[in-house]
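The file start_8.tsv contains TSV, C-alpha atoms and all ligand atoms:
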```
chain	number	residue	atom	x	y	z
A	6	MET	CA	-24.87	3.91	13.17
A	7	THR	CA	-24.55	0.61	11.39
A	8	GLN	CA	-21.65	-1.53	12.42
A	9	ARG	CA	-18.67	-1.00	10.16
A	10	LYS	CA	-16.79	-3.80	8.42
A	11	ILE	CA	-13.08	-3.20	8.11
A	12	ILE	CA	-10.43	-5.38	6.52
A	13	HIS	CA	-6.72	-4.88	7.14
A	14	VAL	CA	-4.45	-6.54	4.60
A	15	ASP	CA	-0.70	-6.91	5.07
A	16	MET	CA	1.63	-8.75	2.70
A	17	ASP	CA	3.83	-11.44	4.24
A	18	ALA	CA	7.56	-10.65	4.43
A	19	PHE	CA	6.82	-8.35	1.54
A	20	PHE	CA	10.20	-7.41	-0.01
A	21	ALA	CA	11.66	-10.83	0.75
A	22	GLN	CA	8.69	-12.65	-0.72
A	23	VAL	CA	8.95	-10.64	-3.94
A	24	GLU	CA	12.64	-11.60	-4.13
A	25	GLN	CA	11.77	-15.27	-3.65
A	26	ARG	CA	9.08	-15.04	-6.29
A	27	ASP	CA	11.40	-13.41	-8.81
A	28	HIS	CA	14.44	-15.57	-8.00
A	29	PRO	CA	13.27	-19.15	-7.50
A	30	GLU	CA	16.68	-20.18	-6.20
A	31	LEU	CA	15.92	-18.08	-3.09
A	32	ARG	CA	12.74	-19.97	-2.20
A	33	GLY	CA	12.84	-21.80	1.11
A	34	LYS	CA	16.04	-19.95	2.05
A	35	PRO	CA	16.77	-17.30	4.67
A	36	VAL	CA	16.66	-14.18	2.52
A	37	ILE	CA	17.64	-10.86	4.05
A	38	VAL	CA	16.81	-7.70	2.14
A	39	GLY	CA	19.14	-4.88	3.03
A	40	GLY	CA	22.26	-5.24	0.98
A	41	ASP	CA	25.75	-6.18	1.89
A	42	PRO	CA	26.28	-7.47	5.46
A	43	ARG	CA	29.63	-5.66	5.50
A	44	SER	CA	27.91	-2.36	4.85
A	45	ARG	CA	26.51	-0.20	7.59
A	46	GLY	CA	22.92	-0.57	6.41
A	47	VAL	CA	19.96	-2.06	8.19
A	48	VAL	CA	17.68	-4.94	7.31
A	49	SER	CA	14.53	-3.85	5.44
A	50	THR	CA	12.91	-7.20	6.00
A	51	CYS	CA	13.69	-10.90	5.79
A	52	SER	CA	11.99	-14.13	4.81
A	53	TYR	CA	10.28	-16.24	7.45
A	54	GLU	CA	13.15	-18.72	7.11
A	55	ALA	CA	15.52	-15.98	8.29
A	56	ARG	CA	13.21	-14.92	11.12
A	57	LYS	CA	13.86	-18.24	12.83
A	58	PHE	CA	17.40	-17.00	13.46
A	59	GLY	CA	16.14	-13.86	15.15
A	60	VAL	CA	16.70	-11.57	12.19
A	61	HIS	CA	14.15	-8.75	11.85
A	62	SER	CA	13.48	-5.39	10.19
A	63	ALA	CA	15.58	-2.38	11.19
A	64	MET	CA	18.40	-4.52	12.61
A	65	PRO	CA	21.93	-3.64	11.38
A	66	THR	CA	22.85	-6.03	8.55
A	67	SER	CA	26.11	-6.80	10.35
A	68	HIS	CA	24.10	-8.07	13.32
A	69	ALA	CA	21.86	-10.09	10.99
A	70	TYR	CA	24.98	-11.68	9.52
A	71	ARG	CA	26.18	-12.76	12.96
A	72	LEU	CA	22.81	-14.34	13.72
A	73	CYS	CA	22.45	-15.95	10.31
A	74	PRO	CA	25.73	-16.27	8.41
A	75	GLN	CA	24.12	-18.60	5.87
A	76	GLY	CA	21.56	-15.89	5.06
A	77	ILE	CA	21.35	-14.67	1.49
A	78	PHE	CA	21.70	-10.89	1.54
A	79	VAL	CA	20.07	-9.07	-1.33
A	80	ARG	CA	19.88	-5.43	-2.17
A	81	GLY	CA	16.28	-5.45	-3.30
A	82	ASN	CA	14.41	-4.12	-6.26
A	83	PHE	CA	12.15	-1.28	-5.35
A	84	GLU	CA	10.46	-1.15	-8.74
A	85	ALA	CA	9.19	-4.69	-8.30
A	86	TYR	CA	7.83	-3.83	-4.83
A	87	ARG	CA	6.11	-0.76	-6.14
A	88	GLU	CA	4.55	-2.72	-8.96
A	89	ALA	CA	3.17	-5.37	-6.61
A	90	SER	CA	1.91	-2.62	-4.34
A	91	GLN	CA	-0.02	-1.02	-7.16
A	92	GLN	CA	-1.48	-4.35	-8.18
A	93	ILE	CA	-2.80	-5.07	-4.71
A	94	ARG	CA	-4.22	-1.57	-4.38
A	95	GLU	CA	-6.13	-1.96	-7.60
A	96	ILE	CA	-7.73	-5.06	-6.14
A	97	PHE	CA	-8.65	-3.15	-2.97
A	98	TYR	CA	-10.18	-0.32	-4.96
A	99	SER	CA	-12.35	-2.73	-6.89
A	100	TYR	CA	-14.11	-3.54	-3.59
A	101	SER	CA	-14.34	-0.09	-2.04
A	102	PRO	CA	-13.31	3.49	-2.62
A	103	LEU	CA	-12.54	3.65	1.11
A	104	VAL	CA	-8.99	2.34	1.06
A	105	GLU	CA	-6.31	3.72	3.36
A	106	PRO	CA	-2.84	2.51	2.42
A	107	LEU	CA	-0.46	2.56	5.39
A	108	SER	CA	2.59	1.56	3.41
A	109	LEU	CA	3.41	-0.24	0.17
A	110	ASP	CA	2.22	-3.57	1.53
A	111	GLU	CA	-0.57	-2.68	3.89
A	112	ALA	CA	-4.00	-1.06	3.82
A	113	TYR	CA	-7.32	-0.72	5.56
A	114	ILE	CA	-10.41	-1.28	3.43
A	115	ASP	CA	-13.86	-0.30	4.63
A	116	VAL	CA	-16.27	-2.82	3.12
A	117	THR	CA	-19.39	-1.84	5.05
A	118	ASP	CA	-20.92	-1.04	1.69
A	119	PRO	CA	-18.80	-2.91	-0.86
A	120	LEU	CA	-18.76	-2.21	-4.58
A	121	GLN	CA	-18.81	-5.89	-5.45
A	122	GLY	CA	-18.67	-9.32	-3.98
A	123	PRO	CA	-20.53	-11.07	-1.20
A	124	PRO	CA	-21.99	-9.06	1.69
A	125	SER	CA	-19.80	-10.88	4.19
A	126	ALA	CA	-16.56	-9.06	4.97
A	127	THR	CA	-14.94	-12.41	5.74
A	128	PHE	CA	-15.74	-13.72	2.26
A	129	ILE	CA	-14.52	-10.49	0.72
A	130	ALA	CA	-11.26	-10.77	2.63
A	131	GLU	CA	-10.82	-14.32	1.31
A	132	GLU	CA	-11.62	-13.16	-2.21
A	133	ILE	CA	-9.09	-10.33	-1.93
A	134	ARG	CA	-6.41	-12.73	-0.69
A	135	ALA	CA	-7.13	-15.12	-3.54
A	136	LYS	CA	-7.04	-12.34	-6.14
A	137	ILE	CA	-3.79	-11.00	-4.76
A	138	PHE	CA	-2.27	-14.43	-5.09
A	139	GLN	CA	-3.65	-14.90	-8.60
A	140	LYS	CA	-2.39	-11.54	-9.77
A	141	THR	CA	0.96	-11.26	-8.00
A	142	ASN	CA	1.84	-14.78	-6.85
A	143	LEU	CA	2.33	-13.38	-3.37
A	144	THR	CA	0.64	-14.27	-0.11
A	145	CYS	CA	-0.76	-11.86	2.42
A	146	SER	CA	-2.61	-11.99	5.69
A	147	ALA	CA	-5.85	-10.26	6.51
A	148	GLY	CA	-7.77	-9.24	9.58
A	149	VAL	CA	-11.49	-8.54	9.64
A	150	SER	CA	-13.31	-6.68	12.36
A	151	TYR	CA	-15.60	-3.76	13.11
A	152	ASN	CA	-12.86	-1.16	13.63
A	153	LYS	CA	-9.35	-0.37	12.45
A	154	PHE	CA	-7.58	-1.23	15.67
A	155	LEU	CA	-8.99	-4.76	15.84
A	156	ALA	CA	-8.66	-5.41	12.10
A	157	LYS	CA	-4.96	-4.53	12.22
A	158	ILE	CA	-4.27	-6.69	15.23
A	159	ALA	CA	-6.23	-9.52	13.62
A	160	SER	CA	-4.17	-9.51	10.42
A	161	ASP	CA	-1.07	-10.26	12.45
A	162	ILE	CA	-2.47	-13.28	14.26
A	163	ASN	CA	-2.35	-15.93	11.56
A	164	LYS	CA	0.65	-14.65	9.65
A	165	PRO	CA	1.86	-15.76	7.12
A	166	ASN	CA	-0.94	-16.49	4.65
A	167	GLY	CA	-3.76	-16.38	7.18
A	168	LEU	CA	-7.08	-14.77	7.93
A	169	THR	CA	-8.44	-13.82	11.33
A	170	VAL	CA	-11.89	-12.48	12.08
A	171	ILE	CA	-12.71	-10.74	15.33
A	172	THR	CA	-16.48	-10.47	15.68
A	173	PRO	CA	-18.00	-8.02	18.18
A	174	ASP	CA	-18.98	-10.80	20.58
A	175	LYS	CA	-15.41	-12.14	20.67
A	176	ALA	CA	-13.68	-8.79	21.02
A	177	GLN	CA	-13.78	-8.38	24.80
A	178	GLU	CA	-12.37	-11.78	25.54
A	179	PHE	CA	-9.73	-11.33	22.88
A	180	LEU	CA	-8.65	-7.92	24.17
A	181	LYS	CA	-8.39	-9.12	27.75
A	182	ALA	CA	-5.82	-11.70	26.74
A	183	LEU	CA	-3.88	-9.35	24.49
A	184	PRO	CA	-0.35	-8.41	25.61
A	185	VAL	CA	-0.05	-4.63	25.89
A	186	LYS	CA	2.76	-4.40	23.39
A	187	LYS	CA	0.24	-5.34	20.70
A	188	PHE	CA	-1.82	-2.25	21.43
A	189	PHE	CA	-1.61	0.45	18.86
A	190	GLY	CA	0.84	3.09	20.04
A	191	VAL	CA	2.62	0.96	22.64
A	192	GLY	CA	6.34	1.02	21.90
A	193	LYS	CA	9.20	-0.21	24.05
A	194	VAL	CA	9.16	2.81	26.41
A	195	THR	CA	5.42	2.70	27.04
A	196	GLN	CA	5.58	-1.04	27.49
A	197	LYS	CA	8.23	-0.69	30.24
A	198	LYS	CA	6.18	1.96	31.95
A	199	MET	CA	3.09	-0.23	31.77
A	200	GLU	CA	4.99	-3.14	33.24
A	201	SER	CA	6.11	-0.96	36.13
A	202	LEU	CA	2.39	-0.36	36.78
A	203	ARG	CA	1.80	-4.11	36.49
A	204	ILE	CA	-0.11	-3.74	33.25
A	205	PHE	CA	0.78	-6.70	31.07
A	206	THR	CA	-2.42	-7.51	29.23
A	207	GLY	CA	-5.72	-5.97	28.23
A	208	ALA	CA	-7.28	-7.39	31.40
A	209	ASP	CA	-4.81	-5.37	33.51
A	210	LEU	CA	-5.46	-2.28	31.43
A	211	LEU	CA	-9.20	-2.59	32.06
A	212	LYS	CA	-8.64	-2.02	35.78
A	213	TYR	CA	-7.46	1.54	35.22
A	214	SER	CA	-9.82	4.49	34.91
A	215	LYS	CA	-9.63	6.91	32.02
A	216	GLU	CA	-8.24	9.58	34.36
A	217	GLN	CA	-5.52	7.28	35.67
A	218	LEU	CA	-4.45	6.30	32.17
A	219	TYR	CA	-4.46	9.94	31.13
A	220	PHE	CA	-2.35	10.78	34.16
A	221	HIS	CA	0.30	8.19	33.24
A	222	PHE	CA	0.24	8.25	29.43
A	223	GLY	CA	-1.38	11.52	28.39
A	224	LYS	CA	-3.62	11.49	25.34
A	225	SER	CA	-2.51	7.99	24.29
A	226	GLY	CA	-3.67	6.78	27.71
A	227	GLU	CA	-7.19	7.86	26.80
A	228	ALA	CA	-6.90	6.00	23.52
A	229	PHE	CA	-5.81	2.83	25.36
A	230	TYR	CA	-8.85	3.19	27.60
A	231	HIS	CA	-11.11	3.05	24.55
A	232	TYR	CA	-9.16	0.47	22.53
A	233	VAL	CA	-9.22	-2.06	25.35
A	234	ARG	CA	-12.99	-1.71	25.37
A	235	GLY	CA	-13.08	-2.40	21.63
A	236	GLU	CA	-13.87	1.23	20.84
A	237	ASP	CA	-12.18	2.88	17.90
A	238	ASN	CA	-14.15	5.24	15.72
A	239	ARG	CA	-11.33	6.35	13.45
A	240	PRO	CA	-12.64	6.29	9.88
A	241	VAL	CA	-10.77	4.63	7.04
A	242	GLU	CA	-9.30	7.66	5.33
A	243	PRO	CA	-8.55	7.35	1.65
A	244	ASN	CA	-5.07	8.53	0.88
A	245	ARG	CA	-5.26	12.15	-0.10
A	246	GLU	CA	-1.69	12.26	-1.29
A	247	ARG	CA	-2.48	10.36	-4.46
A	248	LYS	CA	-2.96	12.73	-7.24
A	249	SER	CA	-2.46	11.19	-10.61
A	250	ILE	CA	-3.64	8.57	-13.01
A	251	GLY	CA	-1.17	7.61	-15.67
A	252	LYS	CA	-0.35	5.08	-18.30
A	253	GLU	CA	2.93	4.64	-20.11
A	254	ARG	CA	4.49	2.22	-22.48
A	255	THR	CA	8.07	1.26	-23.25
A	256	PHE	CA	8.61	-0.04	-26.76
A	257	PRO	CA	10.51	-3.15	-27.70
A	258	LYS	CA	12.18	-1.04	-30.42
A	259	ASP	CA	12.75	2.73	-30.46
A	260	ILE	CA	10.22	4.61	-32.55
A	261	SER	CA	11.06	7.49	-34.88
A	262	ASP	CA	7.80	7.82	-36.83
A	263	VAL	CA	5.80	10.66	-35.26
A	264	ASN	CA	2.50	9.31	-36.60
A	265	GLU	CA	3.13	6.07	-34.84
A	266	MET	CA	3.81	8.03	-31.64
A	267	LEU	CA	0.51	9.83	-32.06
A	268	ASP	CA	-1.32	6.53	-32.41
A	269	ILE	CA	0.23	5.36	-29.18
A	270	LEU	CA	-0.72	8.59	-27.44
A	271	LYS	CA	-4.29	8.04	-28.60
A	272	TYR	CA	-4.29	4.60	-27.05
A	273	LEU	CA	-2.75	5.85	-23.80
A	274	SER	CA	-5.22	8.76	-23.61
A	275	ASP	CA	-8.12	6.33	-24.04
A	276	LYS	CA	-6.86	4.19	-21.18
A	277	VAL	CA	-6.34	7.11	-18.81
A	278	SER	CA	-9.73	8.55	-19.71
A	279	GLU	CA	-11.44	5.21	-19.18
A	280	TYR	CA	-9.94	4.85	-15.71
A	281	ALA	CA	-10.60	8.43	-14.70
A	282	GLU	CA	-14.21	8.01	-15.71
A	283	LYS	CA	-14.56	4.78	-13.83
A	284	TYR	CA	-13.46	6.50	-10.62
A	285	SER	CA	-15.31	9.76	-11.42
A	286	ILE	CA	-12.14	11.78	-11.49
A	287	LYS	CA	-11.42	14.90	-13.48
A	288	GLY	CA	-8.11	16.70	-13.51
A	289	TYR	CA	-6.78	20.10	-14.50
A	290	THR	CA	-3.30	19.07	-15.61
A	291	ILE	CA	-2.32	16.73	-18.42
A	292	THR	CA	1.23	15.50	-18.68
A	293	LEU	CA	3.22	13.94	-21.48
A	294	LYS	CA	6.29	11.91	-20.66
A	295	VAL	CA	8.90	11.08	-23.27
A	296	LYS	CA	12.03	9.03	-22.89
A	297	TYR	CA	14.36	9.35	-25.86
A	298	SER	CA	16.58	6.60	-27.18
A	299	ASP	CA	19.52	8.24	-25.36
A	300	PHE	CA	17.52	7.71	-22.10
A	301	LYS	CA	17.04	11.41	-21.58
A	302	GLN	CA	13.56	11.83	-20.11
A	303	ILE	CA	11.27	14.85	-20.21
A	304	THR	CA	7.80	15.62	-18.91
A	305	ARG	CA	5.71	18.47	-20.31
A	306	SER	CA	2.44	19.55	-18.76
A	307	GLN	CA	-0.48	21.64	-19.78
A	308	THR	CA	-3.18	22.92	-17.46
A	309	VAL	CA	-6.69	23.25	-18.83
A	310	GLU	CA	-9.43	25.61	-17.66
A	311	GLN	CA	-12.10	23.03	-17.00
A	312	PRO	CA	-11.23	19.82	-15.18
A	313	THR	CA	-11.47	16.98	-17.64
A	314	ASN	CA	-11.23	13.28	-18.25
A	315	SER	CA	-12.21	13.42	-21.89
A	316	THR	CA	-10.08	11.26	-24.13
A	317	ASN	CA	-10.16	13.92	-26.87
A	318	VAL	CA	-8.92	16.68	-24.61
A	319	LEU	CA	-6.22	14.40	-23.22
A	320	TYR	CA	-5.12	13.34	-26.67
A	321	GLU	CA	-5.14	16.79	-28.23
A	322	THR	CA	-3.15	18.19	-25.33
A	323	VAL	CA	-0.44	15.53	-25.37
A	324	ALA	CA	-0.28	15.59	-29.16
A	325	GLU	CA	0.42	19.32	-29.02
A	326	LEU	CA	3.03	18.83	-26.32
A	327	LEU	CA	4.66	16.15	-28.43
A	328	GLN	CA	5.09	18.59	-31.30
A	329	LYS	CA	7.14	20.81	-29.03
A	330	SER	CA	9.48	18.02	-27.97
A	331	GLU	CA	12.54	16.70	-29.79
A	332	VAL	CA	10.74	13.82	-31.50
A	333	TYR	CA	11.56	15.09	-34.97
A	334	THR	CA	15.27	14.72	-34.32
A	335	LYS	CA	15.41	11.86	-31.81
A	336	SER	CA	13.78	8.47	-31.61
A	337	VAL	CA	11.76	7.49	-28.59
A	338	ARG	CA	11.75	4.48	-26.27
A	339	LEU	CA	8.86	5.38	-23.96
A	340	LEU	CA	5.72	7.50	-24.01
A	341	GLY	CA	3.38	8.24	-21.13
A	342	VAL	CA	0.17	10.17	-20.52
A	343	SER	CA	-1.10	11.20	-17.11
A	344	LEU	CA	-3.78	13.29	-15.51
A	345	HIS	CA	-3.07	15.33	-12.34
A	346	ASN	CA	-4.38	18.09	-10.16
A	347	PHE	CA	-7.74	16.48	-9.55
A	348	ASP	CA	-10.87	18.44	-9.06
A	349	SER	CA	-11.65	17.84	-5.39
A	350	LYS	CA	-15.39	18.39	-5.86
A	351	ASP	CA	-15.54	15.42	-8.16
A	352	THR	CA	-13.28	13.27	-6.11
A	353	LYS	CA	-14.93	12.19	-2.94
A	354	ASN	CA	-12.30	9.56	-2.44
A	355	GLU	CA	-9.19	9.94	-4.40
A	356	PRO	CA	-7.91	6.67	-5.69
A	357	ILE	CA	-4.36	5.60	-5.96
A	358	GLN	CA	-1.76	6.35	-8.51
A	359	LEU	CA	-3.14	3.80	-10.89
A	360	THR	CA	-1.06	1.66	-13.11
A	361	ILE	CA	-3.54	0.71	-15.68
A	362	PRO	CA	-3.38	-2.91	-16.71
A	363	PHE	CA	-3.13	-3.72	-20.38
A	401	LIG	P1	6.06	-5.06	7.21
A	401	LIG	O1	4.66	-5.34	6.75
A	401	LIG	O2	6.24	-4.46	8.56
A	401	LIG	O3	6.91	-6.39	7.18
A	401	LIG	P2	6.92	-7.58	6.14
A	401	LIG	O4	5.83	-7.46	5.13
A	401	LIG	O5	8.29	-7.71	5.58
A	401	LIG	O6	6.67	-8.84	7.06
A	401	LIG	P3	5.32	-9.30	7.79
A	401	LIG	O7	5.01	-10.66	7.23
A	401	LIG	O8	5.67	-9.36	9.23
A	401	LIG	O9	4.27	-8.28	7.47
A	401	LIG	O10	6.77	-4.11	6.18
A	401	LIG	C1	6.53	-4.16	4.79
A	401	LIG	C2	7.79	-3.88	4.01
A	401	LIG	O11	8.29	-2.59	4.35
A	401	LIG	C3	8.91	-4.85	4.29
A	401	LIG	O12	8.83	-6.01	3.47
A	401	LIG	C4	10.12	-4.02	4.03
A	401	LIG	C5	9.71	-2.61	4.35
A	401	LIG	N1	10.24	-2.22	5.67
A	401	LIG	C6	11.47	-1.58	5.73
A	401	LIG	O13	12.10	-1.31	4.69
A	401	LIG	N2	11.99	-1.25	6.95
A	401	LIG	C7	11.33	-1.53	8.13
A	401	LIG	O14	11.86	-1.24	9.22
A	401	LIG	C8	10.06	-2.20	8.06
A	401	LIG	C9	9.32	-2.55	9.32
A	401	LIG	C10	9.57	-2.52	6.82
A	402	MG	MG	3.88	-7.01	5.71
```

Is it possible to express this structure as structure tokens?
Ligand code: TTP
Ligand code: MG
Amino acid sequence: MTQRKIIHVDMDAFFAQVEQRDHPELRGKPVIVGGDPRSRGVVSTCSYEARKFGVHSAMPTSHAYRLCPQGIFVRGNFEAYREASQQIREIFYSYSPLVEPLSLDEAYIDVTDPLQGPPSATFIAEEIRAKIFQKTNLTCSAGVSYNKFLAKIASDINKPNGLTVITPDKAQEFLKALPVKKFFGVGKVTQKKMESLRIFTGADLLKYSKEQLYFHFGKSGEAFYHYVRGEDNRPVEPNRERKSIGKERTFPKDISDVNEMLDILKYLSDKVSEYAEKYSIKGYTITLKVKYSDFKQITRSQTVEQPTNSTNVLYETVAELLQKSEVYTKSVRLLGVSLHNFDSKDTKNEPIQLTIPF
């Protein structure tokens, strides 16, 4: 088996960084995303400036306020986070179909056989970081290694805005020095138990046999045995949840002319078709979305017999669905076209819910 090349990308202080990007007055300040400190909520995340005070994710906001009363507490804007997330995923997918998103801000990318770019995974990781910054104005950190476990640990080492590469010849030495809490699957409870066995670092872990680790930690113990030896064969698994490609447009002014709506649907169908073709995806279900000027929103779907990505089929289907909506009596502020229910035979690696750029 050829050695794999895996990149793990993780945005820095993701929600907080988006807030600082969108509200320049927050830059350089301790920003805490999680709403009102008097509420009973918890912190989603905070800027690096706030981390200096000991504030971190999942802490009650009231506690964060005690640690950092000068902190700026913001509620957050999920739409903006989702948008940035889609933008970064599009960049990942332009390098490999093997992308496994772990959350909005984080993904593994297998670039053993990349779709574009230099053959070096390190260069690709730098290119991805640069493109993310160009496109979103946000920084991220990346880890590069030959398996998922090491790539993920690596991305955390030079945070924020850093890159770390763990080559096979460096892995052993690196793992020996690694504190056990950094091992995948070691939470507070396991860490305590390890400490009671005098296991503090990878070097300590190496002294235990597979049977001993199994005895103390069950199946995870076996995993630790392999991880500490730099062994992790888990493949990068493209997200199978993703099941649609869509494009929509909100108009600066409400539209009441049905012919104009049809023109827009033609344009949207072309875009969806183009993307579906690029990723070799065909779907059985075509959906029209309409938001009327009174903000009432409907979606109407039609399932076709043969999976398709043809622009004509898409257009004809949504045009027919449009006729059955209320467009003759109401004006419209948004139209959308999407393709769902992908044909799994055609879709070796399902891509993300794509927001198609203009
Ligand atoms: P993380 O990547 O864990 O954190 P982060 O991006 O804020 O900071 P870091 O630089 O250390 O990577 O999580 C990504 C986002 O997910 C984070 O910005 C907010 C959200 N999140 C929560 O809402 N609650 C949580 O408990 C965590 C851990 C994250
Ligand atoms: Mg992050």

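Of the residues under consideration (A:Val60, A:Asn152, A:Val47, A:Ser160), A:Ser160 shows the shortest atom-to-atom contact distance to ligand MG 402 (chain A) when counting only C-alpha atoms and all ligand atoms.
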
Could you write out as JSON the box around region 281-291 of chain A (axis-aligned, all atoms listed in the file, 4 Å on each side), with centre and edge lengths in Å to one decimal?
```
{"center_x": -8.8, "center_y": 12.4, "center_z": -14.5, "size_x": 21.0, "size_y": 23.3, "size_z": 15.8}
```

For Tyr100 (chain A), work out the shell of residues within 8 Å, counting all atoms listed in the file and skipping chain neighbours fewer than 3 positions away, then give it as number ranges by chain.
A: 96-97, 116, 119-122

Next, dump the selected residues to file, keeping only C-alpha atoms, as a tab-separated table (two decimals), keeping the file's coordinate frame.
```
chain	number	residue	atom	x	y	z
A	96	ILE	CA	-7.73	-5.06	-6.14
A	97	PHE	CA	-8.65	-3.15	-2.97
A	116	VAL	CA	-16.27	-2.82	3.12
A	119	PRO	CA	-18.80	-2.91	-0.86
A	120	LEU	CA	-18.76	-2.21	-4.58
A	121	GLN	CA	-18.81	-5.89	-5.45
A	122	GLY	CA	-18.67	-9.32	-3.98
```

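With CA of Gly46 (chain A) on one side and atom O9 of ligand LIG 401 (chain A) on the other, the separation reads 20.2 Å.
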
Residues contacting ligand LIG 401 (chain A) - anything with an atom at most 9 Å away, using all atoms listed in the file - can you give me those as number ranges by chain?
A: 15-23, 38-39, 47-53, 61-64, 86, 108-111, 145-146, 161, 164-166

Please list as a ChimeraX atom specification every residue within 10 Å of region 170-183 of chain A, counting all atoms listed in the file and excluding residues in the same chain fewer than 6 positions away.
/A:8,10,12,126-127,130,147-152,155-156,158-160,162,205-211,232-235

Give me a file of those residues, with C-alpha atoms, as a PDB file, keeping the file's coordinate frame.
```
ATOM      1  CA  GLN A   8     -21.650  -1.530  12.420  1.00  0.00           C
ATOM      2  CA  LYS A  10     -16.790  -3.800   8.420  1.00  0.00           C
ATOM      3  CA  ILE A  12     -10.430  -5.380   6.520  1.00  0.00           C
ATOM      4  CA  ALA A 126     -16.560  -9.060   4.970  1.00  0.00           C
ATOM      5  CA  THR A 127     -14.940 -12.410   5.740  1.00  0.00           C
ATOM      6  CA  ALA A 130     -11.260 -10.770   2.630  1.00  0.00           C
ATOM      7  CA  ALA A 147      -5.850 -10.260   6.510  1.00  0.00           C
ATOM      8  CA  GLY A 148      -7.770  -9.240   9.580  1.00  0.00           C
ATOM      9  CA  VAL A 149     -11.490  -8.540   9.640  1.00  0.00           C
ATOM     10  CA  SER A 150     -13.310  -6.680  12.360  1.00  0.00           C
ATOM     11  CA  TYR A 151     -15.600  -3.760  13.110  1.00  0.00           C
ATOM     12  CA  ASN A 152     -12.860  -1.160  13.630  1.00  0.00           C
ATOM     13  CA  LEU A 155      -8.990  -4.760  15.840  1.00  0.00           C
ATOM     14  CA  ALA A 156      -8.660  -5.410  12.100  1.00  0.00           C
ATOM     15  CA  ILE A 158      -4.270  -6.690  15.230  1.00  0.00           C
ATOM     16  CA  ALA A 159      -6.230  -9.520  13.620  1.00  0.00           C
ATOM     17  CA  SER A 160      -4.170  -9.510  10.420  1.00  0.00           C
ATOM     18  CA  ILE A 162      -2.470 -13.280  14.260  1.00  0.00           C
ATOM     19  CA  PHE A 205       0.780  -6.700  31.070  1.00  0.00           C
ATOM     20  CA  THR A 206      -2.420  -7.510  29.230  1.00  0.00           C
ATOM     21  CA  GLY A 207      -5.720  -5.970  28.230  1.00  0.00           C
ATOM     22  CA  ALA A 208      -7.280  -7.390  31.400  1.00  0.00           C
ATOM     23  CA  ASP A 209      -4.810  -5.370  33.510  1.00  0.00           C
ATOM     24  CA  LEU A 210      -5.460  -2.280  31.430  1.00  0.00           C
ATOM     25  CA  LEU A 211      -9.200  -2.590  32.060  1.00  0.00           C
ATOM     26  CA  TYR A 232      -9.160   0.470  22.530  1.00  0.00           C
ATOM     27  CA  VAL A 233      -9.220  -2.060  25.350  1.00  0.00           C
ATOM     28  CA  ARG A 234     -12.990  -1.710  25.370  1.00  0.00           C
ATOM     29  CA  GLY A 235     -13.080  -2.400  21.630  1.00  0.00           C
TER      30      GLY A 235
END
```

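CA of Phe138 (chain A) lies 10.7 Å from CA of Ala89 (chain A).
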
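Those residues that approach region 289-302 of chain A to within 6 Å, counting all atoms listed in the file, are A:Ser306, A:Gln307, A:Thr308, A:Val309, A:Pro312, A:Val323, A:Ser336, A:Val337, A:Arg338, A:Leu339, A:Leu340, A:Gly341, A:Val342, A:Ser343, A:Leu344, A:His345, A:Asn346; same-chain residues fewer than 4 positions away are not listed.
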
In terms of all atoms listed in the file, the residue from A:Arg203, A:Glu265, A:Lys193, A:Leu107 at minimal distance from ligand MG 402 (chain A) is A:Leu107

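The space separating CA of Tyr219 (chain A) from CA of Glu105 (chain A) comes to 28.5 Å.
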
Shortest interatomic distance to Thr304 (chain A) - which of A:Tyr230, A:Lys187, A:Lys329, A:Gly288, counting all atoms listed in the file:
A:Lys329

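Nearest residue to ligand MG 402 (chain A) among A:Ala69, A:Val318, A:Leu143, A:Ile129 is A:Leu143, counting all atoms listed in the file.
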
Generate the missing atoms of region 26-33 of chain A up to N, CA and C atoms and report them as a tab-separated table (two decimals), in the frame of the given file.
```
chain	number	residue	atom	x	y	z
A	26	ARG	N	9.91	-14.81	-5.11
A	26	ARG	CA	9.08	-15.04	-6.29
A	26	ARG	C	9.90	-14.83	-7.57
A	27	ASP	N	10.68	-13.76	-7.59
A	27	ASP	CA	11.40	-13.41	-8.81
A	27	ASP	C	12.71	-14.18	-8.99
A	28	HIS	N	13.20	-14.78	-7.92
A	28	HIS	CA	14.44	-15.57	-8.00
A	28	HIS	C	14.19	-16.91	-7.33
A	29	PRO	N	13.69	-17.87	-8.10
A	29	PRO	CA	13.27	-19.15	-7.50
A	29	PRO	C	14.36	-19.82	-6.66
A	30	GLU	N	15.62	-19.54	-6.98
A	30	GLU	CA	16.68	-20.18	-6.20
A	30	GLU	C	16.68	-19.68	-4.74
A	31	LEU	N	15.96	-18.61	-4.46
A	31	LEU	CA	15.92	-18.08	-3.09
A	31	LEU	C	14.79	-18.69	-2.25
A	32	ARG	N	13.91	-19.44	-2.92
A	32	ARG	CA	12.74	-19.97	-2.20
A	32	ARG	C	13.18	-20.97	-1.14
A	33	GLY	N	12.52	-20.90	0.01
A	33	GLY	CA	12.84	-21.80	1.11
A	33	GLY	C	14.13	-21.44	1.84
```
